[in-house]
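Take a look at the structure set out below.
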Amino acid sequence: MTVSDDTKLSNAQIAWRAAQDIADGAYVNLGIGFPEMVARYQPAGREVIYHTENGILDFGQEPPAGEEDWDLINAGKKAVTLKPGSAFFHHADSFAMVRGGHLDVAILGAYQVAQNGDLANWSVGAKGVPAVGGAMDLVHGARRVAVITEHVTKSGEPKLLERCTLPLTGVGCVTRVYTSLAVVDIEGARFVLREKLPTITLERLQSLTGAELVLAGPVADLIVPEL
Amino acid sequence: MDKTIATPAEAVADIGDNATVMIGGFGGSGAPIELIHALIDRFVKTGTPSNITVVNNNAGNGHVGLAAMIEVGMVGKLICSFPRSADPRVFTQKYLAGEIALELVPQGTLAERIRAGGAGIPAFYTPTSYGTELANGKPTAAFDGRPYVQERWLKADFALVKAHLGDRLGNLTYNKAARNFGPLMCTAARHAIVQVSKVVPPGTIDPEHVVTPGIFVSRVVEVTDPAQEELLNRAGATYP
């Protein structure tokens with residue numbers, strides 16, 4: 001069962017939708033890769049401070065090619081720039097910010113999310129070299145842990161499940177999921193549907209989801225601009 | 001008191017077989033390339049030090065620095081959080097061949113274990129990894145209704161760290177995000193060996209700006225214009 005591209009959000013559009021929920025004044029960590037896109041769509045007029053776990057608060061976008069300073073990188077090891085008000089710190093301080101509850105939002109990618117908030121995003125099983133980085137730390141401590149993801153895998157398997165089948169990153173940690181089809185909150189160990197694309201029926205969305213989508217209040221249309 | 005040493009080779013001359021060595025850096029930022037290469041030189045020439053346990057966030061990139069250390073066969077075990085990079089082939093091949101052991105530690109837990117080692121705290125509890133396979137076999141406990149995993153301190157015989165300015169007393173500043181694990185590793189190693197871009201007279205570093213106080217540092221060696229791992233890799237460099 002697959003979803004054709006014209007009936008789902010692009011990664012940029014998922015990132016845009018997630019960015020709308022980041023409040024003025026928030027301290028935010030964006031996971032490596034896809035979640036980094038969220039910073040591009042920060043609504044104008046909001047001051048958001050980004051944290052990168054290798055040791056910078058309030059960093060800026062990539063410098064032009066040729067102007068990189070390789071002592072000034074983000075957690076994805078990409079060159080970044082500083083802003084007035086940036087701060088450097090060592091790793092123990094950085095993860096005190098993470099686990100100590102000082103971040104408002106962490107936005108991460110996912111292989112699978114379970115209806116109780118369990119997240120699997122670090123390992124696809126026993127093969128190869130295992131690598132975890134900061135993922136297991138980031139799911140603990142941020143006041144909101146959100147996931148951005150395709151609604152189903154490339155082969156069409158649901159990524160929102162009753163239980164994760166891949167190795168867990170954290171237990172009961174995710175609070176909201178932004179997918180290519182819907183916005184879903186995790187409340188009381190259930191997926192509560194908040195928004196869905198207007199072009200998809202509830203039945204179709206449910207058939208692409210591996211656990212019950214609970215309706216608790218109105219379901220808004222998920223409207224995202226072309227990007 | 002004068003902790004300065006003339007050359008990287010002299011600074012690492014007493015690191016022996018089976019030593020545990022913390023190496024600073026997050027990817028290439030903060031990687032003490034000249035100290036690592038001095039250690040490789042001695043191993044290639046004498047066969048010592050061998051069977052080193054390395055503590056680093058990563059597992060090297062390309063064929064320089066930590067990757068080169070692994071490639072020449074002087075590393076028996078790696079304790080790290082993310083053994084992947086743009087070019088992780090050196091570690092990957094040794095690992096899949098069973099020629100190097102890996103202890104995988106979540107990044108924040110790695111940092112806190114090193115901090116604890118330097119602070120005399122033998123164990124602590126963290127929410128990180130609770131309910132995951134990385135917590136298997138570790139004691140757990142609930143505090144204020146939430147579950148936590150017990151983790152042990154991490155200490156080392158030596159630390160190899162790259163800093164920016166240093167004085168003969170061992171006071172250090174760092175350069176931007178190259179700070180990362182450096183200040184922690186200096187506290188957790190019996191001997192912290194630090195390469196700095198410039199040795200300055202005591203008093204030059206404003207006491208308000210000292211990041212690592214000299215008490216945590218054993219040796220300071222000046223390496224002006226230090227190599228940057230990312231640039232070496234972009235140039236296709238290999239070592240030795």
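Chain labels follow the order of the structure tokens: the first chain is A, the next B, and so on; residue numbering restarts at 1 in every chain, and ligands are counted from 1 in their shown order.
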Q: Within 7 Å of segment 15-17 of chain A, counting only C-alpha atoms, which residues show up once you throw out same-chain ones fewer than 2 positions away? Write them as a list in words, please.
A: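 The residues that qualify are Asn11, Ala12, Gln13, Ala19, Gln20, Pro35, Met37, Val38, Tyr41 and Val224 of chain A.
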With only C-alpha atoms counted and 9 Å as the cut-off, give the residues of segment 71-173 of chain B in contact with segment 96-106 of chain A, each with its shortest interatomic distance in Å and the pair that gives it, as CSV.
```
residue,atom,partner,partner_atom,distance
B:Gly108,CA,A:Ala96,CA,8.3
B:Glu112,CA,A:Ala96,CA,8.9
B:Thr126,CA,A:Arg99,CA,8.3
B:Pro127,CA,A:Arg99,CA,7.8
B:Thr128,CA,A:Arg99,CA,8.1
```
Q: as a ChimeraX atom specification, please: all residues of segment 61-105 of chain B that backbone DSSP puts in helix (DSSP H, G or I).
A: /B:65-71,89-96
Write the residues of the preceding selection, restricted to C-alpha atoms, as a short mmCIF file (atom, residue, chain, number, x, y, z; two decimals), in the first residue's frame.
```
data_model
loop_
_atom_site.label_atom_id
_atom_site.label_comp_id
_atom_site.auth_asym_id
_atom_site.auth_seq_id
_atom_site.Cartn_x
_atom_site.Cartn_y
_atom_site.Cartn_z
CA GLY B 65 44.00 11.04 13.13
CA LEU B 66 41.96 8.48 15.07
CA ALA B 67 41.11 6.55 11.89
CA ALA B 68 44.84 6.20 11.14
CA MET B 69 45.45 5.05 14.72
CA ILE B 70 42.84 2.34 14.24
CA GLU B 71 44.18 1.49 10.79
CA ARG B 89 35.62 2.38 6.49
CA VAL B 90 38.70 1.89 8.68
CA PHE B 91 36.72 1.30 11.86
CA THR B 92 33.86 -0.49 10.12
CA GLN B 93 36.13 -3.09 8.52
CA LYS B 94 38.03 -3.80 11.76
CA TYR B 95 34.80 -4.02 13.72
CA LEU B 96 33.05 -6.36 11.31
#
```
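Proximity to chain B was assessed for A:Thr153, A:Gln112, A:Thr169, A:Ser123 counting only C-alpha atoms; the smallest distance is recorded for A:Thr169.
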Kindly provide, as a PDB file with C-alpha atoms, in the first residue's frame, the residues of chain A having any atom no farther than 6 Å from an atom of chain B, counting only C-alpha atoms.
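Output file part_20.pdb follows:
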```
ATOM      1  CA  ASN A  54      28.295  19.413  20.279  1.00  0.00           C
ATOM      2  CA  GLY A  55      28.383  22.745  22.086  1.00  0.00           C
ATOM      3  CA  ASP A  71      35.906  24.263  14.519  1.00  0.00           C
ATOM      4  CA  LEU A  72      32.417  25.742  14.078  1.00  0.00           C
ATOM      5  CA  HIS A  90      31.527  21.700  26.826  1.00  0.00           C
ATOM      6  CA  HIS A  91      29.652  18.432  26.472  1.00  0.00           C
ATOM      7  CA  ALA A  92      28.626  18.012  30.105  1.00  0.00           C
ATOM      8  CA  PHE A  95      23.728  17.514  27.956  1.00  0.00           C
ATOM      9  CA  ALA A 131      25.670   4.155  16.383  1.00  0.00           C
ATOM     10  CA  VAL A 132      23.489   6.139  18.775  1.00  0.00           C
ATOM     11  CA  GLY A 133      24.946   9.640  19.209  1.00  0.00           C
ATOM     12  CA  GLY A 134      22.745  11.942  21.264  1.00  0.00           C
ATOM     13  CA  MET A 136      18.764   8.645  23.552  1.00  0.00           C
ATOM     14  CA  ASP A 137      19.601  11.773  25.544  1.00  0.00           C
ATOM     15  CA  LEU A 168      13.918   1.612  21.104  1.00  0.00           C
TER      16      LEU A 168
END
```
Q.
So that I can see what lies close to Gly73 of chain B, please list as a PyMOL selection string the residues with an atom at most 10 Å from it, counting only C-alpha atoms and leaving out residues fewer than 6 positions away in the same chain.
A. chain B and resi 40+43-44+47+50-52+94+99-100
Q: Could you tell me how far atom CA of Val183 of chain A lies from atom CA of Glu53 of chain A, in Å and to one decimal?
A: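 So the two atoms, atom CA of Val183 of chain A and atom CA of Glu53 of chain A, lie 26.9 Å apart.
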Q | Test item: residues at most 10 Å from Ala220 of chain A, only C-alpha atoms, excluding those fewer than 2 positions along its chain, as a ChimeraX atom specification | A | /A:182-183,193-198,217-218,222-223
Please, could you write that set of residues out with C-alpha atoms as a short mmCIF file (atom, residue, chain, number, x, y, z; two decimals), in the first residue's frame?
```cif
data_model
loop_
_atom_site.label_atom_id
_atom_site.label_comp_id
_atom_site.auth_asym_id
_atom_site.auth_seq_id
_atom_site.Cartn_x
_atom_site.Cartn_y
_atom_site.Cartn_z
CA ALA A 182 -1.40 14.18 9.44
CA VAL A 183 -0.59 15.73 12.80
CA LEU A 193 -5.66 12.78 15.35
CA ARG A 194 -5.45 16.59 15.27
CA GLU A 195 -5.01 17.42 11.60
CA LYS A 196 -5.14 15.54 8.30
CA LEU A 197 -4.70 16.44 4.66
CA PRO A 198 -8.09 17.46 3.30
CA GLY A 217 -12.37 16.86 19.35
CA PRO A 218 -12.34 18.36 15.87
CA LEU A 222 -3.62 20.14 7.43
CA ILE A 223 -2.95 23.09 5.15
#
```
